[in-house]
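*Asks:* Provided herewith: protein.pdb, PDB, C-alpha atoms.
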ATOM      1  CA  MET A   1       0.648 -22.166  -0.979  1.00  0.00           C
ATOM      2  CA  VAL A   2      -2.059 -19.583  -1.594  1.00  0.00           C
ATOM      3  CA  LYS A   3      -3.213 -19.344  -5.214  1.00  0.00           C
ATOM      4  CA  ARG A   4      -3.736 -15.730  -6.299  1.00  0.00           C
ATOM      5  CA  GLN A   5      -4.139 -13.831  -9.515  1.00  0.00           C
ATOM      6  CA  LYS A   6      -0.904 -12.182 -10.561  1.00  0.00           C
ATOM      7  CA  LEU A   7      -1.442  -8.699 -11.954  1.00  0.00           C
ATOM      8  CA  ASN A   8       0.597  -7.641 -14.948  1.00  0.00           C
ATOM      9  CA  PRO A   9       1.733  -3.984 -15.204  1.00  0.00           C
ATOM     10  CA  LEU A  10      -1.308  -3.061 -17.322  1.00  0.00           C
ATOM     11  CA  GLN A  11      -3.691  -4.524 -14.729  1.00  0.00           C
ATOM     12  CA  GLN A  12      -1.792  -2.754 -11.943  1.00  0.00           C
ATOM     13  CA  GLY A  13      -2.217   0.505 -13.854  1.00  0.00           C
ATOM     14  CA  GLU A  14      -5.939  -0.157 -14.254  1.00  0.00           C
ATOM     15  CA  ILE A  15      -6.325  -0.501 -10.483  1.00  0.00           C
ATOM     16  CA  LEU A  16      -4.395   2.728  -9.916  1.00  0.00           C
ATOM     17  CA  ASP A  17      -6.512   4.472 -12.558  1.00  0.00           C
ATOM     18  CA  GLU A  18      -9.634   3.240 -10.752  1.00  0.00           C
ATOM     19  CA  VAL A  19      -8.282   4.604  -7.460  1.00  0.00           C
ATOM     20  CA  THR A  20      -7.546   7.927  -9.145  1.00  0.00           C
ATOM     21  CA  GLY A  21     -11.055   8.162 -10.577  1.00  0.00           C
ATOM     22  CA  MET A  22     -12.665   7.388  -7.229  1.00  0.00           C
ATOM     23  CA  VAL A  23     -10.504   9.905  -5.407  1.00  0.00           C
ATOM     24  CA  LEU A  24     -10.939  12.674  -7.987  1.00  0.00           C
ATOM     25  CA  ASP A  25     -14.712  12.282  -7.786  1.00  0.00           C
ATOM     26  CA  ALA A  26     -14.642  12.749  -4.007  1.00  0.00           C
ATOM     27  CA  LEU A  27     -11.983  15.410  -3.423  1.00  0.00           C
ATOM     28  CA  PRO A  28     -13.056  18.913  -2.383  1.00  0.00           C
ATOM     29  CA  GLN A  29     -12.968  21.508  -5.154  1.00  0.00           C
ATOM     30  CA  ASP A  30     -10.049  23.428  -3.660  1.00  0.00           C
ATOM     31  CA  TRP A  31      -7.691  20.428  -3.441  1.00  0.00           C
ATOM     32  CA  GLU A  32      -4.110  20.804  -4.662  1.00  0.00           C
ATOM     33  CA  TYR A  33      -2.254  17.673  -3.552  1.00  0.00           C
ATOM     34  CA  LEU A  34      -3.185  14.315  -2.011  1.00  0.00           C
ATOM     35  CA  GLU A  35      -1.011  11.678  -0.423  1.00  0.00           C
ATOM     36  CA  LEU A  36      -2.268   8.209   0.591  1.00  0.00           C
ATOM     37  CA  GLN A  37      -0.096   5.808   2.573  1.00  0.00           C
ATOM     38  CA  HIS A  38      -0.910   2.129   2.994  1.00  0.00           C
ATOM     39  CA  HIS A  39       1.310   0.087   5.343  1.00  0.00           C
ATOM     40  CA  GLN A  40       0.538  -3.572   5.994  1.00  0.00           C
ATOM     41  CA  VAL A  41       1.951  -6.745   7.530  1.00  0.00           C
ATOM     42  CA  GLY A  42      -0.569  -9.575   7.807  1.00  0.00           C
ATOM     43  CA  ASN A  43      -3.785  -7.882   8.944  1.00  0.00           C
ATOM     44  CA  HIS A  44      -1.860  -5.178  10.825  1.00  0.00           C
ATOM     45  CA  MET A  45      -2.378  -1.916   8.911  1.00  0.00           C
ATOM     46  CA  ARG A  46      -1.752   1.776   9.075  1.00  0.00           C
ATOM     47  CA  LEU A  47      -3.567   3.992   6.609  1.00  0.00           C
ATOM     48  CA  ALA A  48      -2.839   7.700   6.315  1.00  0.00           C
ATOM     49  CA  VAL A  49      -4.255  10.554   4.258  1.00  0.00           C
ATOM     50  CA  GLY A  50      -2.660  13.935   3.674  1.00  0.00           C
ATOM     51  CA  LEU A  51      -4.604  16.587   1.772  1.00  0.00           C
ATOM     52  CA  ARG A  52      -3.321  20.023   0.842  1.00  0.00           C
ATOM     53  CA  VAL A  53      -5.787  22.617  -0.400  1.00  0.00           C
ATOM     54  CA  ALA A  54      -5.421  25.923  -2.222  1.00  0.00           C
ATOM     55  CA  GLY A  55      -3.377  28.395  -0.220  1.00  0.00           C
ATOM     56  CA  GLY A  56      -1.138  25.653   1.157  1.00  0.00           C
ATOM     57  CA  GLY A  57      -3.252  24.611   4.133  1.00  0.00           C
ATOM     58  CA  GLY A  58      -4.169  21.086   5.085  1.00  0.00           C
ATOM     59  CA  ARG A  59      -7.592  19.620   5.605  1.00  0.00           C
ATOM     60  CA  ASN A  60      -8.959  16.481   7.204  1.00  0.00           C
ATOM     61  CA  TRP A  61     -10.402  14.213   4.551  1.00  0.00           C
ATOM     62  CA  ASP A  62     -11.077  10.499   4.349  1.00  0.00           C
ATOM     63  CA  THR A  63     -11.176   8.458   1.203  1.00  0.00           C
ATOM     64  CA  ALA A  64     -13.685   5.692   0.547  1.00  0.00           C
ATOM     65  CA  ASN A  65     -12.909   2.274   2.032  1.00  0.00           C
ATOM     66  CA  GLU A  66     -12.977   0.899  -1.519  1.00  0.00           C
ATOM     67  CA  VAL A  67      -9.690   2.692  -2.201  1.00  0.00           C
ATOM     68  CA  TRP A  68      -7.965   0.814   0.620  1.00  0.00           C
ATOM     69  CA  TYR A  69      -9.467  -2.463  -0.650  1.00  0.00           C
ATOM     70  CA  LEU A  70      -8.093  -1.735  -4.125  1.00  0.00           C
ATOM     71  CA  PHE A  71      -4.643  -1.185  -2.599  1.00  0.00           C
ATOM     72  CA  GLN A  72      -4.959  -4.597  -0.932  1.00  0.00           C
ATOM     73  CA  ASP A  73      -5.890  -6.151  -4.295  1.00  0.00           C
ATOM     74  CA  LEU A  74      -2.852  -4.470  -5.796  1.00  0.00           C
ATOM     75  CA  ARG A  75      -0.653  -5.736  -2.976  1.00  0.00           C
ATOM     76  CA  SER A  76      -1.865  -9.299  -3.442  1.00  0.00           C
ATOM     77  CA  GLY A  77      -1.575  -9.152  -7.228  1.00  0.00           C
ATOM     78  CA  MET A  78       1.992  -7.829  -7.095  1.00  0.00           C
ATOM     79  CA  CYS A  79       3.273 -10.752  -5.024  1.00  0.00           C
ATOM     80  CA  CYS A  80       6.350 -12.304  -6.613  1.00  0.00           C
ATOM     81  CA  GLU A  81       7.107 -15.956  -6.016  1.00  0.00           C
ATOM     82  CA  GLY A  82       9.741 -16.262  -3.307  1.00  0.00           C
ATOM     83  CA  GLN A  83       9.970 -12.481  -2.848  1.00  0.00           C
ATOM     84  CA  GLY A  84       6.636 -11.719  -1.179  1.00  0.00           C
ATOM     85  CA  THR A  85       5.008  -8.366  -1.810  1.00  0.00           C
ATOM     86  CA  TRP A  86       5.410  -4.769  -0.747  1.00  0.00           C
ATOM     87  CA  PHE A  87       4.875  -3.625   2.842  1.00  0.00           C
ATOM     88  CA  SER A  88       4.156   0.039   2.083  1.00  0.00           C
ATOM     89  CA  LEU A  89       2.650   2.053  -0.739  1.00  0.00           C
ATOM     90  CA  LEU A  90       2.833   5.812  -1.188  1.00  0.00           C
ATOM     91  CA  TYR A  91       0.318   7.223  -3.671  1.00  0.00           C
ATOM     92  CA  ARG A  92       0.614  10.900  -4.628  1.00  0.00           C
ATOM     93  CA  LEU A  93      -1.951  12.821  -6.653  1.00  0.00           C
ATOM     94  CA  GLU A  94      -1.413  16.349  -7.951  1.00  0.00           C
ATOM     95  CA  ARG A  95      -3.853  18.653  -9.636  1.00  0.00           C
ATOM     96  CA  PRO A  96      -5.276  18.191 -12.249  1.00  0.00           C
ATOM     97  CA  GLY A  97      -5.047  14.409 -11.811  1.00  0.00           C
ATOM     98  CA  ARG A  98      -1.449  13.275 -12.296  1.00  0.00           C
ATOM     99  CA  TYR A  99      -0.456  10.487  -9.912  1.00  0.00           C
ATOM    100  CA  SER A 100       2.697   8.642  -8.928  1.00  0.00           C
ATOM    101  CA  VAL A 101       3.113   5.609  -6.724  1.00  0.00           C
ATOM    102  CA  SER A 102       6.061   4.033  -4.947  1.00  0.00           C
ATOM    103  CA  TYR A 103       6.369   0.741  -3.093  1.00  0.00           C
ATOM    104  CA  GLU A 104       8.589  -0.420  -0.257  1.00  0.00           C
ATOM    105  CA  TRP A 105       9.390  -4.127  -0.339  1.00  0.00           C
ATOM    106  CA  GLU A 106      12.059  -4.276   2.382  1.00  0.00           C
ATOM    107  CA  ARG A 107      11.965  -1.383   4.840  1.00  0.00           C
ATOM    108  CA  GLU A 108       9.851  -1.680   7.986  1.00  0.00           C
ATOM    109  CA  PRO A 109       6.497   0.090   7.605  1.00  0.00           C
ATOM    110  CA  ALA A 110       5.813   3.228   9.649  1.00  0.00           C
ATOM    111  CA  PHE A 111       3.473   1.696  12.211  1.00  0.00           C
ATOM    112  CA  SER A 112       2.517   3.403  15.466  1.00  0.00           C
ATOM    113  CA  ALA A 113       2.508  -0.042  17.128  1.00  0.00           C
ATOM    114  CA  VAL A 114       4.758  -2.924  16.113  1.00  0.00           C
ATOM    115  CA  PRO A 115       2.881  -5.807  14.455  1.00  0.00           C
ATOM    116  CA  PRO A 116       2.685  -8.857  16.740  1.00  0.00           C
ATOM    117  CA  PRO A 117       4.568 -12.034  15.742  1.00  0.00           C
ATOM    118  CA  ASP A 118       1.344 -13.771  14.632  1.00  0.00           C
ATOM    119  CA  GLU A 119       0.824 -11.038  12.000  1.00  0.00           C
ATOM    120  CA  ILE A 120       4.385 -11.618  10.750  1.00  0.00           C
ATOM    121  CA  ALA A 121       3.606 -15.342  10.476  1.00  0.00           C
ATOM    122  CA  LEU A 122       0.354 -14.584   8.637  1.00  0.00           C
ATOM    123  CA  GLU A 123       2.242 -12.346   6.211  1.00  0.00           C
ATOM    124  CA  LEU A 124       4.686 -15.156   5.420  1.00  0.00           C
ATOM    125  CA  ARG A 125       1.853 -17.640   4.876  1.00  0.00           C
ATOM    126  CA  ARG A 126       0.054 -15.250   2.517  1.00  0.00           C
ATOM    127  CA  PHE A 127       3.149 -13.943   0.727  1.00  0.00           C
ATOM    128  CA  PRO A 128       5.995 -16.441   1.161  1.00  0.00           C
ATOM    129  CA  ARG A 129       9.561 -15.138   0.955  1.00  0.00           C
ATOM    130  CA  ASP A 130      12.731 -17.082   0.373  1.00  0.00           C
ATOM    131  CA  PRO A 131      15.253 -16.486   3.189  1.00  0.00           C
ATOM    132  CA  GLU A 132      17.291 -13.989   1.149  1.00  0.00           C
ATOM    133  CA  TYR A 133      14.168 -11.813   0.730  1.00  0.00           C
ATOM    134  CA  VAL A 134      13.237 -11.705   4.418  1.00  0.00           C
ATOM    135  CA  PRO A 135      14.371  -8.356   5.852  1.00  0.00           C
ATOM    136  CA  GLU A 136      16.259  -8.346   9.159  1.00  0.00           C
ATOM    137  CA  TRP A 137      13.533  -6.338  10.950  1.00  0.00           C
ATOM    138  CA  PHE A 138      11.011  -8.934   9.805  1.00  0.00           C
ATOM    139  CA  ARG A 139      13.087 -11.788  11.286  1.00  0.00           C
ATOM    140  CA  GLU A 140      13.509  -9.894  14.556  1.00  0.00           C
ATOM    141  CA  ARG A 141       9.772  -9.143  14.841  1.00  0.00           C
ATOM    142  CA  SER A 142       8.810 -12.749  14.121  1.00  0.00           C
ATOM    143  CA  GLY A 143      10.734 -13.994  17.132  1.00  0.00           C
ATOM    144  CA  ALA A 144      12.365 -16.631  14.933  1.00  0.00           C
TER     145      ALA A 144
END
Re-express the file's structure as C-alpha cells.
*Replies:*
Amino acid sequence: MVKRQKLNPLQQGEILDEVTGMVLDALPQDWEYLELQHHQVGNHMRLAVGLRVAGGGGRNWDTANEVWYLFQDLRSGMCCEGQGTWFSLLYRLERPGRYSVSYEWEREPAFSAVPPPDEIALELRRFPRDPEYVPEWFRERSGA
C-alpha cells in the first residue's frame, strides 16, 4: 500500500488558493472566465483549458505546468481508503477571482483515447478501491 499524506479540507483549500493565485497572475487583462479540466487514470491524462475574454470571445491560453502538478497533489491527497480518488476535476474561475471546483469520482473521464489496461492497473495500485467503489467502466477497461 502506498503511503501518502492525506489532505484535510483546509489543506485542499490552500492548494486551490495557490492555483488561483498562480492563474490570476498569468491571465490576460481582458479575461472574464476560465475553466480548467484535469482528467486522469494512472499516468493517462487529458488536460483542457477554456478561456473567455471580454466581449464573449475565446482565446488560446496555457497555464503553467505547476498548476497541473498542484492538481495531481490534490488528487493524491484526497484519496480515501478503499474508495480511491477522483478521476476528473473541473475548476472554474470568474472575474474578479471567485472559483469553484467539482470532482468526479465514478464517471469515466472525457479522454480522446481510452486508457490502456496497464494504466487502470496502475491507478488501482496507487489509489486502491474496494470492489463496491470500482465503477463498471473501470472494470470493463481493465480487462478483468
*Asks:* Run through the PyMOL selection byres ((chain A and resi 16-21) around 9) on the given coordinates and return the selected residues as a list in words.
*Replies:* Gln11, Gln12, Gly13, Glu14, Ile15, Met22, Val23, Leu24, Asp25, Ala26, Glu66, Val67, Trp68, Leu70, Phe71, Leu74, Leu93, Gly97, Arg98, Tyr99 and Val101 of chain A
*Asks:* Would you save the residues from that selection as a short mmCIF file (atom, residue, chain, number, x, y, z; two decimals), in the coordinates of the input, using C-alpha atoms?
*Replies:*
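Saved result, out-v4.cif, follows:
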data_model
loop_
_atom_site.label_atom_id
_atom_site.label_comp_id
_atom_site.auth_asym_id
_atom_site.auth_seq_id
_atom_site.Cartn_x
_atom_site.Cartn_y
_atom_site.Cartn_z
CA GLN A 11 -3.69 -4.52 -14.73
CA GLN A 12 -1.79 -2.75 -11.94
CA GLY A 13 -2.22 0.50 -13.85
CA GLU A 14 -5.94 -0.16 -14.25
CA ILE A 15 -6.32 -0.50 -10.48
CA MET A 22 -12.66 7.39 -7.23
CA VAL A 23 -10.50 9.90 -5.41
CA LEU A 24 -10.94 12.67 -7.99
CA ASP A 25 -14.71 12.28 -7.79
CA ALA A 26 -14.64 12.75 -4.01
CA GLU A 66 -12.98 0.90 -1.52
CA VAL A 67 -9.69 2.69 -2.20
CA TRP A 68 -7.96 0.81 0.62
CA LEU A 70 -8.09 -1.74 -4.12
CA PHE A 71 -4.64 -1.18 -2.60
CA LEU A 74 -2.85 -4.47 -5.80
CA LEU A 93 -1.95 12.82 -6.65
CA GLY A 97 -5.05 14.41 -11.81
CA ARG A 98 -1.45 13.28 -12.30
CA TYR A 99 -0.46 10.49 -9.91
CA VAL A 101 3.11 5.61 -6.72
#
*Asks:* Neighbours of Ser112 in chain A within 12 Å (only C-alpha atoms; same-chain residues fewer than 5 positions away dropped), as a ChimeraX atom specification?
*Replies:* /A:39-40,44-48
*Asks:* Write a file of the just-selected residues containing C-alpha atoms, as a short mmCIF file (atom, residue, chain, number, x, y, z; two decimals), in the frame of the given file.
*Replies:*
data_model
loop_
_atom_site.label_atom_id
_atom_site.label_comp_id
_atom_site.auth_asym_id
_atom_site.auth_seq_id
_atom_site.Cartn_x
_atom_site.Cartn_y
_atom_site.Cartn_z
CA HIS A 39 1.31 0.09 5.34
CA GLN A 40 0.54 -3.57 5.99
CA HIS A 44 -1.86 -5.18 10.82
CA MET A 45 -2.38 -1.92 8.91
CA ARG A 46 -1.75 1.78 9.07
CA LEU A 47 -3.57 3.99 6.61
CA ALA A 48 -2.84 7.70 6.32
#
*Asks:* My list of candidates is A:Lys6, A:Arg59, A:Arg141, A:Arg75. Which is closest to Glu35 in chain A when distances are computed with all atoms listed in the file?
*Replies:*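 For Glu35 in chain A, the nearest of the given residues is A:Arg59.
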*Asks:* Starting from the shown file, work through the PyMOL selection byres ((chain A and resi 109) around 7) and note down what comes out as a short mmCIF file (atom, residue, chain, number, x, y, z; two decimals) with C-alpha atoms, in the frame of the given file.
*Replies:*
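Saved file expr.cif follows:
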data_model
loop_
_atom_site.label_atom_id
_atom_site.label_comp_id
_atom_site.auth_asym_id
_atom_site.auth_seq_id
_atom_site.Cartn_x
_atom_site.Cartn_y
_atom_site.Cartn_z
CA HIS A 39 1.31 0.09 5.34
CA PHE A 87 4.88 -3.62 2.84
CA SER A 88 4.16 0.04 2.08
CA ARG A 107 11.96 -1.38 4.84
CA GLU A 108 9.85 -1.68 7.99
CA ALA A 110 5.81 3.23 9.65
CA PHE A 111 3.47 1.70 12.21
#
*Asks:* So the first atom is CA of Glu132 in chain A and the second is CA of Glu81 in chain A; what is the distance between them in Å, to one decimal place?
*Replies:*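 CA of Glu132 in chain A sits 12.6 Å away from CA of Glu81 in chain A.
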*Asks:* Got a sec to resolve the PyMOL selection byres ((chain A and resi 116) around 12) on this structure and send the residues as a list in words?
*Replies:*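 On the file shown, the PyMOL selection byres ((chain A and resi 116) around 12) covers Val41, Gly42, Asn43, His44, Met45, Phe111, Ala113, Val114, Pro115, Pro117, Asp118, Glu119, Ile120, Ala121, Leu122, Glu123, Phe138, Glu140, Arg141, Ser142 and Gly143 of chain A.
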*Asks:* Just to confirm, what's the straight-line distance from CA of Arg125 in chain A to CA of Gln83 in chain A in Å (one decimal)?
*Replies:*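 Spanning CA of Arg125 in chain A to CA of Gln83 in chain A is a straight-line distance of 12.3 Å.
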*Asks:* Tell me which of A:Leu27, A:Leu7, A:Cys80, A:Leu34 sits closest to Ser100 in chain A, counting all atoms listed in the file.
*Replies:*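 Among the listed residues, A:Leu34 lies closest to Ser100 in chain A.
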